[in-house]
$ cat final_25.pdb   # PDB, C-alpha atoms, pLDDT in the B column
ATOM      1  CA  MET A   2     127.605 -14.250  26.875  1.00 79.00           C
ATOM      2  CA  GLU A   3     129.523 -12.016  29.259  1.00 89.00           C
ATOM      3  CA  TYR A   4     131.249 -13.635  32.199  1.00 95.00           C
ATOM      4  CA  SER A   5     132.690 -11.669  35.112  1.00 96.00           C
ATOM      5  CA  GLU A   6     136.426 -11.756  35.787  1.00 97.00           C
ATOM      6  CA  LYS A   7     135.740 -13.891  38.865  1.00 97.00           C
ATOM      7  CA  VAL A   8     133.848 -16.483  36.827  1.00 96.00           C
ATOM      8  CA  MET A   9     136.685 -16.608  34.297  1.00 96.00           C
ATOM      9  CA  ASP A  10     139.270 -16.860  37.087  1.00 97.00           C
ATOM     10  CA  HIS A  11     137.472 -19.777  38.764  1.00 97.00           C
ATOM     11  CA  PHE A  12     136.992 -21.449  35.392  1.00 95.00           C
ATOM     12  CA  MET A  13     140.621 -21.029  34.266  1.00 96.00           C
ATOM     13  CA  ASN A  14     142.081 -21.680  37.743  1.00 97.00           C
ATOM     14  CA  PRO A  15     139.511 -23.757  39.607  1.00 97.00           C
ATOM     15  CA  ARG A  16     140.174 -24.209  43.306  1.00 96.00           C
ATOM     16  CA  ASN A  17     139.977 -27.491  45.192  1.00 97.00           C
ATOM     17  CA  VAL A  18     139.574 -29.806  42.197  1.00 97.00           C
ATOM     18  CA  GLY A  19     139.649 -33.546  42.696  1.00 97.00           C
ATOM     19  CA  GLU A  20     138.393 -36.522  44.616  1.00 96.00           C
ATOM     20  CA  MET A  21     138.969 -36.627  48.358  1.00 96.00           C
ATOM     21  CA  GLU A  22     140.246 -39.565  50.373  1.00 94.00           C
ATOM     22  CA  ASP A  23     137.733 -40.613  53.040  1.00 95.00           C
ATOM     23  CA  PRO A  24     135.333 -37.670  52.711  1.00 98.00           C
ATOM     24  CA  SER A  25     132.831 -37.066  55.501  1.00 98.00           C
ATOM     25  CA  GLY A  26     130.174 -36.438  52.879  1.00 97.00           C
ATOM     26  CA  ILE A  27     129.774 -36.600  49.093  1.00 97.00           C
ATOM     27  CA  GLY A  28     127.041 -34.875  47.142  1.00 96.00           C
ATOM     28  CA  THR A  29     126.384 -35.580  43.483  1.00 95.00           C
ATOM     29  CA  VAL A  30     123.824 -33.712  41.416  1.00 95.00           C
ATOM     30  CA  GLY A  31     123.145 -33.463  37.746  1.00 92.00           C
ATOM     31  CA  ASN A  32     121.064 -31.440  35.359  1.00 82.00           C
ATOM     32  CA  ALA A  33     119.720 -33.637  32.583  1.00 79.00           C
ATOM     33  CA  GLN A  34     118.868 -30.635  30.398  1.00 79.00           C
ATOM     34  CA  CYS A  35     122.380 -29.215  30.176  1.00 77.00           C
ATOM     35  CA  GLY A  36     124.329 -32.367  31.015  1.00 87.00           C
ATOM     36  CA  ASP A  37     126.244 -30.792  33.905  1.00 91.00           C
ATOM     37  CA  ILE A  38     127.254 -33.134  36.702  1.00 95.00           C
ATOM     38  CA  MET A  39     128.660 -31.788  39.950  1.00 96.00           C
ATOM     39  CA  ARG A  40     130.191 -33.716  42.805  1.00 97.00           C
ATOM     40  CA  VAL A  41     131.204 -32.030  46.065  1.00 98.00           C
ATOM     41  CA  PHE A  42     133.360 -33.731  48.723  1.00 98.00           C
ATOM     42  CA  LEU A  43     133.444 -32.457  52.307  1.00 98.00           C
ATOM     43  CA  LYS A  44     135.800 -33.246  55.181  1.00 98.00           C
ATOM     44  CA  ILE A  45     134.083 -32.350  58.455  1.00 98.00           C
ATOM     45  CA  GLU A  46     135.583 -32.488  61.943  1.00 97.00           C
ATOM     46  CA  ASP A  47     133.714 -31.425  65.088  1.00 94.00           C
ATOM     47  CA  GLY A  48     131.005 -29.834  62.968  1.00 94.00           C
ATOM     48  CA  ILE A  49     133.506 -27.680  61.020  1.00 97.00           C
ATOM     49  CA  ILE A  50     134.160 -28.127  57.306  1.00 98.00           C
ATOM     50  CA  ILE A  51     137.940 -28.356  57.214  1.00 98.00           C
ATOM     51  CA  ASP A  52     138.217 -29.201  53.533  1.00 98.00           C
ATOM     52  CA  ALA A  53     136.060 -29.214  50.409  1.00 98.00           C
ATOM     53  CA  THR A  54     136.822 -30.381  46.885  1.00 98.00           C
ATOM     54  CA  PHE A  55     134.807 -30.927  43.737  1.00 98.00           C
ATOM     55  CA  LYS A  56     134.689 -32.700  40.409  1.00 97.00           C
ATOM     56  CA  THR A  57     132.462 -31.182  37.781  1.00 96.00           C
ATOM     57  CA  PHE A  58     131.635 -32.216  34.267  1.00 94.00           C
ATOM     58  CA  GLY A  59     130.077 -29.245  32.586  1.00 93.00           C
ATOM     59  CA  CYS A  60     130.394 -25.767  31.194  1.00 92.00           C
ATOM     60  CA  GLY A  61     132.634 -22.991  32.479  1.00 94.00           C
ATOM     61  CA  ALA A  62     129.916 -21.617  34.739  1.00 95.00           C
ATOM     62  CA  ALA A  63     129.381 -25.065  36.290  1.00 95.00           C
ATOM     63  CA  VAL A  64     133.116 -25.340  37.025  1.00 96.00           C
ATOM     64  CA  ALA A  65     133.236 -21.792  38.414  1.00 97.00           C
ATOM     65  CA  THR A  66     130.202 -22.222  40.691  1.00 97.00           C
ATOM     66  CA  SER A  67     131.489 -25.514  42.108  1.00 97.00           C
ATOM     67  CA  SER A  68     134.945 -23.999  42.627  1.00 98.00           C
ATOM     68  CA  VAL A  69     133.597 -20.972  44.472  1.00 98.00           C
ATOM     69  CA  VAL A  70     131.212 -23.004  46.649  1.00 98.00           C
ATOM     70  CA  THR A  71     134.133 -25.138  47.919  1.00 98.00           C
ATOM     71  CA  GLU A  72     135.980 -21.902  48.773  1.00 98.00           C
ATOM     72  CA  MET A  73     132.922 -20.515  50.560  1.00 98.00           C
ATOM     73  CA  VAL A  74     132.396 -23.510  52.879  1.00 98.00           C
ATOM     74  CA  LYS A  75     135.943 -24.041  54.127  1.00 98.00           C
ATOM     75  CA  GLY A  76     136.249 -23.171  57.801  1.00 98.00           C
ATOM     76  CA  LYS A  77     132.494 -22.828  58.205  1.00 97.00           C
ATOM     77  CA  THR A  78     130.314 -24.819  60.556  1.00 96.00           C
ATOM     78  CA  VAL A  79     127.809 -27.237  59.050  1.00 95.00           C
ATOM     79  CA  GLU A  80     125.058 -24.802  60.096  1.00 93.00           C
ATOM     80  CA  GLU A  81     126.797 -21.892  58.347  1.00 95.00           C
ATOM     81  CA  ALA A  82     127.260 -23.999  55.210  1.00 96.00           C
ATOM     82  CA  MET A  83     123.515 -24.649  55.249  1.00 93.00           C
ATOM     83  CA  THR A  84     122.904 -20.936  54.681  1.00 93.00           C
ATOM     84  CA  ILE A  85     124.905 -20.769  51.444  1.00 95.00           C
ATOM     85  CA  THR A  86     122.361 -20.245  48.688  1.00 95.00           C
ATOM     86  CA  ASN A  87     122.670 -20.150  44.928  1.00 95.00           C
ATOM     87  CA  LYS A  88     122.202 -16.377  45.252  1.00 97.00           C
ATOM     88  CA  ALA A  89     125.294 -16.173  47.492  1.00 97.00           C
ATOM     89  CA  VAL A  90     127.240 -18.218  44.930  1.00 97.00           C
ATOM     90  CA  VAL A  91     126.201 -15.836  42.145  1.00 97.00           C
ATOM     91  CA  GLU A  92     127.179 -12.827  44.279  1.00 97.00           C
ATOM     92  CA  ALA A  93     130.574 -14.358  45.073  1.00 97.00           C
ATOM     93  CA  LEU A  94     131.196 -14.593  41.326  1.00 97.00           C
ATOM     94  CA  ASP A  95     130.032 -11.015  40.619  1.00 97.00           C
ATOM     95  CA  ASP A  96     126.950 -12.344  38.822  1.00 96.00           C
ATOM     96  CA  LEU A  97     126.290 -14.961  36.155  1.00 96.00           C
ATOM     97  CA  PRO A  98     124.511 -14.653  32.815  1.00 95.00           C
ATOM     98  CA  ALA A  99     120.805 -15.494  33.175  1.00 94.00           C
ATOM     99  CA  ALA A 100     121.213 -18.625  31.050  1.00 93.00           C
ATOM    100  CA  LYS A 101     123.803 -19.934  33.524  1.00 94.00           C
ATOM    101  CA  LYS A 102     122.030 -19.189  36.815  1.00 93.00           C
ATOM    102  CA  HIS A 103     120.989 -22.852  37.019  1.00 92.00           C
ATOM    103  CA  CYS A 104     124.670 -23.724  37.588  1.00 94.00           C
ATOM    104  CA  SER A 105     124.589 -21.855  40.896  1.00 95.00           C
ATOM    105  CA  VAL A 106     121.488 -23.836  41.869  1.00 94.00           C
ATOM    106  CA  LEU A 107     123.384 -27.059  41.106  1.00 95.00           C
ATOM    107  CA  ALA A 108     126.294 -25.885  43.280  1.00 96.00           C
ATOM    108  CA  GLU A 109     123.913 -25.222  46.192  1.00 96.00           C
ATOM    109  CA  GLU A 110     122.241 -28.617  45.670  1.00 95.00           C
ATOM    110  CA  ALA A 111     125.584 -30.459  45.496  1.00 96.00           C
ATOM    111  CA  LEU A 112     126.652 -28.837  48.762  1.00 97.00           C
ATOM    112  CA  GLN A 113     123.346 -29.689  50.465  1.00 95.00           C
ATOM    113  CA  SER A 114     123.571 -33.238  49.120  1.00 96.00           C
ATOM    114  CA  ALA A 115     127.085 -33.630  50.607  1.00 97.00           C
ATOM    115  CA  LEU A 116     125.834 -32.273  53.952  1.00 97.00           C
ATOM    116  CA  TRP A 117     122.917 -34.741  53.822  1.00 96.00           C
ATOM    117  CA  ASP A 118     125.340 -37.605  53.124  1.00 96.00           C
ATOM    118  CA  TYR A 119     127.470 -36.537  56.114  1.00 97.00           C
ATOM    119  CA  ALA A 120     124.385 -36.338  58.358  1.00 95.00           C
ATOM    120  CA  GLN A 121     123.168 -39.787  57.229  1.00 95.00           C
ATOM    121  CA  LYS A 122     126.573 -41.401  57.791  1.00 96.00           C
ATOM    122  CA  ASN A 123     126.783 -39.928  61.280  1.00 94.00           C
ATOM    123  CA  GLY A 124     123.148 -40.366  62.299  1.00 93.00           C
ATOM    124  CA  ILE A 125     122.676 -36.669  62.946  1.00 92.00           C
ATOM    125  CA  THR A 126     119.983 -34.191  62.026  1.00 89.00           C
ATOM    126  CA  ILE A 127     120.984 -30.833  60.585  1.00 85.00           C
ATOM    127  CA  GLU A 128     118.353 -28.181  61.212  1.00 83.00           C
ATOM    128  CA  GLY A 129     116.616 -27.211  57.971  1.00 85.00           C
ATOM    129  CA  LEU A 130     118.372 -29.810  55.824  1.00 87.00           C
ATOM    130  CA  GLU A 131     116.081 -31.879  53.648  1.00 83.00           C
ATOM    131  CA  GLU A 132     116.789 -35.067  51.774  1.00 83.00           C
ATOM    132  CA  PRO A 133     117.994 -34.170  48.277  1.00 81.00           C
ATOM    133  CA  LYS A 134     115.246 -34.545  45.709  1.00 72.00           C
ATOM    134  CA  GLU A 135     117.465 -36.219  43.173  1.00 58.00           C
ATOM    135  CA  THR A 136     120.609 -38.003  44.237  1.00 47.00           C
ATOM    136  CA  ALA A 137     122.957 -39.886  41.999  1.00 45.00           C
ATOM    137  CA  HIS A 138     124.474 -42.888  43.719  1.00 42.00           C
ATOM    138  CA  GLU A 139     127.593 -44.703  42.701  1.00 40.00           C
ATOM    139  CA  HIS A 140     128.420 -47.967  44.404  1.00 32.00           C
TER     140      HIS A 140
END
$ encode --input "final_25.pdb" --output "structure tokens"
Amino acid sequence: MEYSEKVMDHFMNPRNVGEMEDPSGIGTVGNAQCGDIMRVFLKIEDGIIIDATFKTFGCGAAVATSSVVTEMVKGKTVEEAMTITNKAVVEALDDLPAAKKHCSVLAEEALQSALWDYAQKNGITIEGLEEPKETAHEH
């Protein structure tokens, strides 16, 4: 399987790894088939994502897609973050092997799940945001 240099870079040197103190929103998604679990933490102030971190248990592509999605959302408004698709994640990594495209979908879902969590905690509605189909809760 051929990975782009960007995928390898984000896998070997992932950005924004770790839990976040007092996140504005947390999104956790998992893929039962491949065993990948992704968790995205967002810090949002005045509708702007000022910080994003992640913890991912999974393959190199899962780590790379979660790393790049946290890079992509920093400094963006919540509405702008809503427009980040799995396709945009794949493009930011200069493509992914077909067998690993599902990792980019997980990254998009983890981001959307974190945005949903933020919206729920703050009693706000984000245009176009739907409740995540499958959310993993830890309490």
$ closest_residue --input "final_25.pdb" --among "A:Gly76, A:Pro133, A:Pro98, A:Pro24" --to "Leu43 in chain A" --atoms "all atoms listed in the file"
A:Pro24
$ resolve_selection --input "final_25.pdb" --expression "the PyMOL selection byres ((chain A and resi 70) around 10)" --output "MDAnalysis selection string"
chainID A and resid 16:17 41 53:55 65:69 71:75 82 85:87 89:91 93:94 105 108:109 111:112
$ atom_distance --input "final_25.pdb" --atom1 "CA of Gln34 in chain A" --atom2 "CA of Met9 in chain A"
23.0 Å
$ resolve_selection --input "final_25.pdb" --expression "the PyMOL selection byres ((chain A and resi 28) around 10)" --output "ChimeraX atom specification"
/A:26-27,29-30,39-43,55,108,110-119,133,136-138
$ write_last_selection --input "final_25.pdb" --atoms "C-alpha atoms" --output "short mmCIF file (atom, residue, chain, number, x, y, z; two decimals), in the coordinates of the input"
data_model
loop_
_atom_site.label_atom_id
_atom_site.label_comp_id
_atom_site.auth_asym_id
_atom_site.auth_seq_id
_atom_site.Cartn_x
_atom_site.Cartn_y
_atom_site.Cartn_z
CA GLY A 26 130.17 -36.44 52.88
CA ILE A 27 129.77 -36.60 49.09
CA THR A 29 126.38 -35.58 43.48
CA VAL A 30 123.82 -33.71 41.42
CA MET A 39 128.66 -31.79 39.95
CA ARG A 40 130.19 -33.72 42.80
CA VAL A 41 131.20 -32.03 46.06
CA PHE A 42 133.36 -33.73 48.72
CA LEU A 43 133.44 -32.46 52.31
CA PHE A 55 134.81 -30.93 43.74
CA ALA A 108 126.29 -25.88 43.28
CA GLU A 110 122.24 -28.62 45.67
CA ALA A 111 125.58 -30.46 45.50
CA LEU A 112 126.65 -28.84 48.76
CA GLN A 113 123.35 -29.69 50.46
CA SER A 114 123.57 -33.24 49.12
CA ALA A 115 127.08 -33.63 50.61
CA LEU A 116 125.83 -32.27 53.95
CA TRP A 117 122.92 -34.74 53.82
CA ASP A 118 125.34 -37.60 53.12
CA TYR A 119 127.47 -36.54 56.11
CA PRO A 133 117.99 -34.17 48.28
CA THR A 136 120.61 -38.00 44.24
CA ALA A 137 122.96 -39.89 42.00
CA HIS A 138 124.47 -42.89 43.72
#
$ atom_distance --input "final_25.pdb" --atom1 "CA of Cys35 in chain A" --atom2 "CA of Ala99 in chain A"
14.1 Å
$ atom_distance --input "final_25.pdb" --atom1 "CA of Lys102 in chain A" --atom2 "CA of Asn14 in chain A"
20.2 Å
$ axis_aligned_box --input "final_25.pdb" --around "range 22-35 of chain A" --padding-each-side "6 Å" --output "JSON"
{"center_x": 129.6, "center_y": -34.9, "center_z": 42.8, "size_x": 33.4, "size_y": 23.4, "size_z": 37.3}
$ closest_residue --input "final_25.pdb" --among "A:Lys56, A:Lys122, A:His103, A:His11" --to "Ser25 in chain A" --atoms "only C-alpha atoms"
A:Lys122
$ closest_residue --input "final_25.pdb" --among "A:Leu107, A:Leu97, A:Met83, A:Glu6" --to "Ile38 in chain A" --atoms "all atoms listed in the file"
A:Leu107
$ decode --input "final_25.pdb" --residues "range 36-68 of chain A" --atoms "N, CA, C and O atoms" --output "PDB file, in the first residue's frame"
ATOM      1  N   GLY A  36     -11.614  -1.647  13.764  1.00  0.00           N
ATOM      2  CA  GLY A  36     -11.168  -1.449  15.142  1.00  0.00           C
ATOM      3  C   GLY A  36     -10.616  -0.067  15.439  1.00  0.00           C
ATOM      4  O   GLY A  36     -10.124   0.181  16.539  1.00  0.00           O
ATOM      5  N   ASP A  37     -10.680   0.847  14.468  1.00  0.00           N
ATOM      6  CA  ASP A  37     -10.180   2.204  14.710  1.00  0.00           C
ATOM      7  C   ASP A  37     -11.140   2.959  15.628  1.00  0.00           C
ATOM      8  O   ASP A  37     -12.349   2.867  15.486  1.00  0.00           O
ATOM      9  N   ILE A  38     -10.563   3.698  16.554  1.00  0.00           N
ATOM     10  CA  ILE A  38     -11.364   4.576  17.413  1.00  0.00           C
ATOM     11  C   ILE A  38     -10.718   5.952  17.365  1.00  0.00           C
ATOM     12  O   ILE A  38      -9.504   6.075  17.548  1.00  0.00           O
ATOM     13  N   MET A  39     -11.526   6.960  17.095  1.00  0.00           N
ATOM     14  CA  MET A  39     -11.032   8.324  16.989  1.00  0.00           C
ATOM     15  C   MET A  39     -11.775   9.201  17.964  1.00  0.00           C
ATOM     16  O   MET A  39     -12.996   9.126  18.071  1.00  0.00           O
ATOM     17  N   ARG A  40     -11.026  10.055  18.650  1.00  0.00           N
ATOM     18  CA  ARG A  40     -11.652  11.023  19.546  1.00  0.00           C
ATOM     19  C   ARG A  40     -11.070  12.398  19.234  1.00  0.00           C
ATOM     20  O   ARG A  40      -9.856  12.560  19.239  1.00  0.00           O
ATOM     21  N   VAL A  41     -11.948  13.358  18.966  1.00  0.00           N
ATOM     22  CA  VAL A  41     -11.527  14.721  18.647  1.00  0.00           C
ATOM     23  C   VAL A  41     -12.034  15.653  19.753  1.00  0.00           C
ATOM     24  O   VAL A  41     -13.184  15.561  20.179  1.00  0.00           O
ATOM     25  N   PHE A  42     -11.142  16.520  20.225  1.00  0.00           N
ATOM     26  CA  PHE A  42     -11.461  17.512  21.258  1.00  0.00           C
ATOM     27  C   PHE A  42     -11.386  18.901  20.633  1.00  0.00           C
ATOM     28  O   PHE A  42     -10.404  19.204  19.937  1.00  0.00           O
ATOM     29  N   LEU A  43     -12.395  19.726  20.878  1.00  0.00           N
ATOM     30  CA  LEU A  43     -12.395  21.086  20.349  1.00  0.00           C
ATOM     31  C   LEU A  43     -12.519  22.104  21.473  1.00  0.00           C
ATOM     32  O   LEU A  43     -13.278  21.906  22.425  1.00  0.00           O
ATOM     33  N   LYS A  44     -11.766  23.197  21.340  1.00  0.00           N
ATOM     34  CA  LYS A  44     -11.913  24.349  22.236  1.00  0.00           C
ATOM     35  C   LYS A  44     -12.459  25.466  21.362  1.00  0.00           C
ATOM     36  O   LYS A  44     -11.826  25.864  20.377  1.00  0.00           O
ATOM     37  N   ILE A  45     -13.665  25.941  21.703  1.00  0.00           N
ATOM     38  CA  ILE A  45     -14.358  26.925  20.875  1.00  0.00           C
ATOM     39  C   ILE A  45     -14.670  28.163  21.705  1.00  0.00           C
ATOM     40  O   ILE A  45     -15.227  28.049  22.804  1.00  0.00           O
ATOM     41  N   GLU A  46     -14.280  29.323  21.187  1.00  0.00           N
ATOM     42  CA  GLU A  46     -14.599  30.591  21.841  1.00  0.00           C
ATOM     43  C   GLU A  46     -15.200  31.529  20.815  1.00  0.00           C
ATOM     44  O   GLU A  46     -14.629  31.740  19.739  1.00  0.00           O
ATOM     45  N   ASP A  47     -16.345  32.110  21.149  1.00  0.00           N
ATOM     46  CA  ASP A  47     -17.054  33.035  20.257  1.00  0.00           C
ATOM     47  C   ASP A  47     -17.243  32.447  18.858  1.00  0.00           C
ATOM     48  O   ASP A  47     -17.079  33.141  17.854  1.00  0.00           O
ATOM     49  N   GLY A  48     -17.557  31.165  18.816  1.00  0.00           N
ATOM     50  CA  GLY A  48     -17.842  30.515  17.537  1.00  0.00           C
ATOM     51  C   GLY A  48     -16.611  30.183  16.707  1.00  0.00           C
ATOM     52  O   GLY A  48     -16.725  29.733  15.580  1.00  0.00           O
ATOM     53  N   ILE A  49     -15.405  30.405  17.278  1.00  0.00           N
ATOM     54  CA  ILE A  49     -14.158  30.103  16.563  1.00  0.00           C
ATOM     55  C   ILE A  49     -13.460  28.936  17.262  1.00  0.00           C
ATOM     56  O   ILE A  49     -13.352  28.917  18.492  1.00  0.00           O
ATOM     57  N   ILE A  50     -12.995  27.987  16.474  1.00  0.00           N
ATOM     58  CA  ILE A  50     -12.249  26.855  17.039  1.00  0.00           C
ATOM     59  C   ILE A  50     -10.817  27.324  17.276  1.00  0.00           C
ATOM     60  O   ILE A  50     -10.056  27.542  16.337  1.00  0.00           O
ATOM     61  N   ILE A  51     -10.481  27.515  18.555  1.00  0.00           N
ATOM     62  CA  ILE A  51      -9.153  28.043  18.868  1.00  0.00           C
ATOM     63  C   ILE A  51      -8.138  26.929  19.096  1.00  0.00           C
ATOM     64  O   ILE A  51      -6.940  27.161  19.016  1.00  0.00           O
ATOM     65  N   ASP A  52      -8.641  25.723  19.380  1.00  0.00           N
ATOM     66  CA  ASP A  52      -7.719  24.604  19.540  1.00  0.00           C
ATOM     67  C   ASP A  52      -8.452  23.306  19.217  1.00  0.00           C
ATOM     68  O   ASP A  52      -9.667  23.203  19.366  1.00  0.00           O
ATOM     69  N   ALA A  53      -7.677  22.323  18.759  1.00  0.00           N
ATOM     70  CA  ALA A  53      -8.231  21.004  18.447  1.00  0.00           C
ATOM     71  C   ALA A  53      -7.145  19.980  18.704  1.00  0.00           C
ATOM     72  O   ALA A  53      -5.991  20.181  18.326  1.00  0.00           O
ATOM     73  N   THR A  54      -7.512  18.905  19.398  1.00  0.00           N
ATOM     74  CA  THR A  54      -6.578  17.805  19.627  1.00  0.00           C
ATOM     75  C   THR A  54      -7.299  16.491  19.344  1.00  0.00           C
ATOM     76  O   THR A  54      -8.511  16.471  19.145  1.00  0.00           O
ATOM     77  N   PHE A  55      -6.537  15.404  19.335  1.00  0.00           N
ATOM     78  CA  PHE A  55      -7.160  14.114  19.074  1.00  0.00           C
ATOM     79  C   PHE A  55      -6.428  12.998  19.803  1.00  0.00           C
ATOM     80  O   PHE A  55      -5.270  13.130  20.184  1.00  0.00           O
ATOM     81  N   LYS A  56      -7.139  11.909  19.996  1.00  0.00           N
ATOM     82  CA  LYS A  56      -6.546  10.649  20.433  1.00  0.00           C
ATOM     83  C   LYS A  56      -7.138   9.590  19.523  1.00  0.00           C
ATOM     84  O   LYS A  56      -8.356   9.497  19.394  1.00  0.00           O
ATOM     85  N   THR A  57      -6.277   8.845  18.882  1.00  0.00           N
ATOM     86  CA  THR A  57      -6.751   7.819  17.958  1.00  0.00           C
ATOM     87  C   THR A  57      -6.062   6.503  18.240  1.00  0.00           C
ATOM     88  O   THR A  57      -4.861   6.452  18.446  1.00  0.00           O
ATOM     89  N   PHE A  58      -6.884   5.465  18.249  1.00  0.00           N
ATOM     90  CA  PHE A  58      -6.375   4.102  18.336  1.00  0.00           C
ATOM     91  C   PHE A  58      -6.659   3.505  16.983  1.00  0.00           C
ATOM     92  O   PHE A  58      -7.816   3.359  16.599  1.00  0.00           O
ATOM     93  N   GLY A  59      -5.618   3.242  16.219  1.00  0.00           N
ATOM     94  CA  GLY A  59      -5.873   2.694  14.894  1.00  0.00           C
ATOM     95  C   GLY A  59      -4.622   2.669  14.044  1.00  0.00           C
ATOM     96  O   GLY A  59      -3.511   2.863  14.524  1.00  0.00           O
ATOM     97  N   CYS A  60      -4.841   2.448  12.772  1.00  0.00           N
ATOM     98  CA  CYS A  60      -3.743   2.320  11.818  1.00  0.00           C
ATOM     99  C   CYS A  60      -3.126   3.680  11.505  1.00  0.00           C
ATOM    100  O   CYS A  60      -3.627   4.719  11.930  1.00  0.00           O
ATOM    101  N   GLY A  61      -2.060   3.666  10.734  1.00  0.00           N
ATOM    102  CA  GLY A  61      -1.377   4.896  10.355  1.00  0.00           C
ATOM    103  C   GLY A  61      -2.277   5.897   9.668  1.00  0.00           C
ATOM    104  O   GLY A  61      -2.201   7.102   9.921  1.00  0.00           O
ATOM    105  N   ALA A  62      -3.153   5.411   8.792  1.00  0.00           N
ATOM    106  CA  ALA A  62      -4.058   6.308   8.074  1.00  0.00           C
ATOM    107  C   ALA A  62      -5.068   6.949   9.035  1.00  0.00           C
ATOM    108  O   ALA A  62      -5.432   8.115   8.872  1.00  0.00           O
ATOM    109  N   ALA A  63      -5.491   6.205  10.043  1.00  0.00           N
ATOM    110  CA  ALA A  63      -6.424   6.757  11.037  1.00  0.00           C
ATOM    111  C   ALA A  63      -5.746   7.873  11.827  1.00  0.00           C
ATOM    112  O   ALA A  63      -6.331   8.930  12.071  1.00  0.00           O
ATOM    113  N   VAL A  64      -4.486   7.652  12.208  1.00  0.00           N
ATOM    114  CA  VAL A  64      -3.723   8.672  12.935  1.00  0.00           C
ATOM    115  C   VAL A  64      -3.526   9.899  12.040  1.00  0.00           C
ATOM    116  O   VAL A  64      -3.755  11.033  12.456  1.00  0.00           O
ATOM    117  N   ALA A  65      -3.139   9.669  10.794  1.00  0.00           N
ATOM    118  CA  ALA A  65      -2.877  10.773   9.869  1.00  0.00           C
ATOM    119  C   ALA A  65      -4.132  11.601   9.593  1.00  0.00           C
ATOM    120  O   ALA A  65      -4.076  12.831   9.586  1.00  0.00           O
ATOM    121  N   THR A  66      -5.271  10.936   9.382  1.00  0.00           N
ATOM    122  CA  THR A  66      -6.498  11.684   9.078  1.00  0.00           C
ATOM    123  C   THR A  66      -6.967  12.475  10.293  1.00  0.00           C
ATOM    124  O   THR A  66      -7.412  13.615  10.154  1.00  0.00           O
ATOM    125  N   SER A  67      -6.823  11.910  11.504  1.00  0.00           N
ATOM    126  CA  SER A  67      -7.236  12.685  12.677  1.00  0.00           C
ATOM    127  C   SER A  67      -6.284  13.846  12.916  1.00  0.00           C
ATOM    128  O   SER A  67      -6.696  14.932  13.300  1.00  0.00           O
ATOM    129  N   SER A  68      -4.991  13.634  12.674  1.00  0.00           N
ATOM    130  CA  SER A  68      -4.012  14.708  12.831  1.00  0.00           C
ATOM    131  C   SER A  68      -4.320  15.858  11.882  1.00  0.00           C
ATOM    132  O   SER A  68      -4.367  17.026  12.285  1.00  0.00           O
TER     133      SER A  68
END
